[in-house]
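S.K.: Attaching a single structure in structure tokens format; questions to follow.
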Amino acid sequence: HTTMKLSQLSSCTTLCILSTATASVRRELFVRSTLKEAPPVDFQQEWVHDFDIQADVHTIDDVVTELRSPHFVPTFDFVGTSNTTSIQSLALQAKHQIIQDTTGAILFRGLNKALHNVSEFAAFWSAMQWRPVEHVSCYNRKRESASIGVDFVDTDVPQMVLGPHNEHACNPNPTGRIAFYGFQPADHGGESLVRHNSAIEVPDYVTDFVREHGGIQTTRVYADHDRMMQDKSRYPTSMSWQERCGTNSKQDCKDFFSSRGMTGTKFDEDDTLTVTSVHPGWLDGSWFNHIEYGFPTKCADGTDFPREWQMEMKKNKWAETFAYKLQEGDWLVLDNRSVQHGRLPYEGKRLLIVSYTDESYL
């Protein structure tokens, strides 16, 4: 230190003064608050039968009777104003809270005071500089894009419950973070579901079966674009392989999926593409796959996963599931690798947007 030049010392002093001044004028835009316990949601036993699994399960009487609020979720209220808050500063302070979180779920409230439309939310999301992830559905479902890395949440099956699940759980490289922003809550119902993967209890016989047969297999089918145009009513929410991959080249399409860890690709004589991938069934020591969703499932070696077991797991997945209704300006951010999400049936218009990143919490 005694050999430091005077110019260097002067430069350091100036930087220290500037840093102190900047810190003194920084205004905190969020205040930590408590998520108040809302009236519990009465559990409807027919929710266990979403997707209508035909299996012999003797009783569902031991399913939970109600869903409580996720009291464990850290909550931050926006206390700034749109006139004095830049989207950049809002994004940086929100990102700081997200990175500091250790629960896997964090809720911001009141952001509609600063973000008034989809474009402003997209700018807010972009300012965080997360790497966006495209939505590669496990079942070839197409979502309407709102902006780069931001999609509108599906609204085509409001009467159906979407049970707790992890996004892209069937993909070799699943989404790291998923976030839901509320523009308009439903008139009735539509609560968002939250559940930690670590709370999932997997019977030993299921663990042994999945490991014995090499993991869980997922199959996606993408029709040829021209054939889809000939019979649009047959593919109301699906994508052609050309649209999914952004190319008319079959080889480039295979490369698209291969680069995402999905190496089982095959075209048939009708130019229909079948994509097969395998997931071990666990991620970071927790149960992580799409078995509980309800669609017929095969293991890696082609063995059918027993439907009775699947139904039992669909029943049991409601344990330790919490429900919260996102209001206008609410933003729920989840670590998709450790926290599941879902949605209860609803009536009326419900408008949410969803964004993804390939990074888990740091």
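Starting from 1 in every chain, residues are counted up; chains themselves are A, B, ... following the order of the structure tokens, and ligands are numbered from 1 as listed.
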Show which residues sit within 10 Å of Thr272 of chain A, as a list in words. Count only C-alpha atoms, and ignore same-chain residues fewer than 6 positions away.
M.R.: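 Counting only the stated atoms, we get Val221, Tyr222, Ala223, Asp224, His225, Arg227, Ser240, Trp241 and Lys266 of chain A.
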S.K.: Please produce an output containing N, CA, C and O atoms for each residue in the selection, written as a JSON list (two decimals), in the first residue's frame.
M.R.:
[["chain", "number", "residue", "atom", "x", "y", "z"],
["A", 221, "VAL", "N", -45.32, -36.76, -31.23],
["A", 221, "VAL", "CA", -45.61, -36.98, -32.64],
["A", 221, "VAL", "C", -45.90, -35.63, -33.30],
["A", 221, "VAL", "O", -46.76, -34.88, -32.83],
["A", 222, "TYR", "N", -45.19, -35.34, -34.38],
["A", 222, "TYR", "CA", -45.36, -34.09, -35.11],
["A", 222, "TYR", "C", -45.74, -34.43, -36.55],
["A", 222, "TYR", "O", -44.99, -35.10, -37.27],
["A", 223, "ALA", "N", -46.89, -33.95, -36.98],
["A", 223, "ALA", "CA", -47.34, -34.20, -38.35],
["A", 223, "ALA", "C", -46.63, -33.27, -39.33],
["A", 223, "ALA", "O", -46.05, -32.25, -38.95],
["A", 224, "ASP", "N", -46.69, -33.63, -40.59],
["A", 224, "ASP", "CA", -46.16, -32.79, -41.65],
["A", 224, "ASP", "C", -47.06, -31.57, -41.84],
["A", 224, "ASP", "O", -48.29, -31.66, -41.72],
["A", 225, "HIS", "N", -46.49, -30.43, -42.13],
["A", 225, "HIS", "CA", -47.25, -29.18, -42.24],
["A", 225, "HIS", "C", -48.35, -29.27, -43.30],
["A", 225, "HIS", "O", -49.50, -28.86, -43.07],
["A", 227, "ARG", "N", -49.94, -31.85, -44.49],
["A", 227, "ARG", "CA", -51.04, -32.72, -44.06],
["A", 227, "ARG", "C", -51.89, -32.04, -42.99],
["A", 227, "ARG", "O", -53.11, -32.24, -42.95],
["A", 240, "SER", "N", -46.64, -28.59, -36.39],
["A", 240, "SER", "CA", -45.96, -29.44, -37.35],
["A", 240, "SER", "C", -44.47, -29.49, -36.98],
["A", 240, "SER", "O", -43.97, -28.63, -36.24],
["A", 241, "TRP", "N", -43.78, -30.48, -37.52],
["A", 241, "TRP", "CA", -42.35, -30.54, -37.21],
["A", 241, "TRP", "C", -41.62, -29.37, -37.85],
["A", 241, "TRP", "O", -40.60, -28.89, -37.33],
["A", 266, "LYS", "N", -37.64, -40.28, -35.83],
["A", 266, "LYS", "CA", -37.93, -41.15, -36.97],
["A", 266, "LYS", "C", -39.10, -40.59, -37.77],
["A", 266, "LYS", "O", -40.13, -40.23, -37.21]]
S.K.: Find the residues around segment 284-297 of chain A up to 10 Å (only C-alpha atoms counted), leave out those fewer than 4 positions away in its own chain, and share them as an NGL selection string.
M.R.: :A and (48-54 or 138-139 or 162-171 or 174 or 196-202 or 207 or 215-219 or 279-280 or 302-307 or 309-317 or 337-340)
S.K.: Restricting the calculation to only C-alpha atoms: of A:Gly190, A:Pro40, A:Gly176, A:Gly110, which residue gets closest to Leu334 of chain A?
M.R.: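 Result for the nearest residue to Leu334 of chain A: A:Gly176.
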S.K.: With only C-alpha atoms as the basis for distance, which of A:Val136, A:Leu193, A:Phe322, A:Phe152 is at the shortest distance from Cys245 of chain A?
M.R.: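 Looking only at the distances to Cys245 of chain A, the closest residue turns out to be A:Val136.
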S.K.: Per DSSP on the backbone, what are the helix (DSSP H, G or I) residues of segment 39-163 of chain A, as a VMD selection string?
M.R.: chain A and resid 45 to 49 87 to 100 111 to 113 118 to 127
S.K.: Please report the interatomic distance between atom CA of Pro158 of chain A and atom CA of Tyr346 of chain A in Å with one decimal.
M.R.: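 Spanning atom CA of Pro158 of chain A to atom CA of Tyr346 of chain A is a straight-line distance of 5.5 Å.
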S.K.: Give me, please, the distance in Å between atom CA of Ala127 of chain A and atom CA of Lys95 of chain A, quoted to one decimal.
M.R.: 9.6 Å
S.K.: Contacts of Gln88 of chain A at 9 Å or less, counting only C-alpha atoms, minus same-chain residues fewer than 6 places along, as a PyMOL selection string?
M.R.: chain A and resi 123-124+127-128
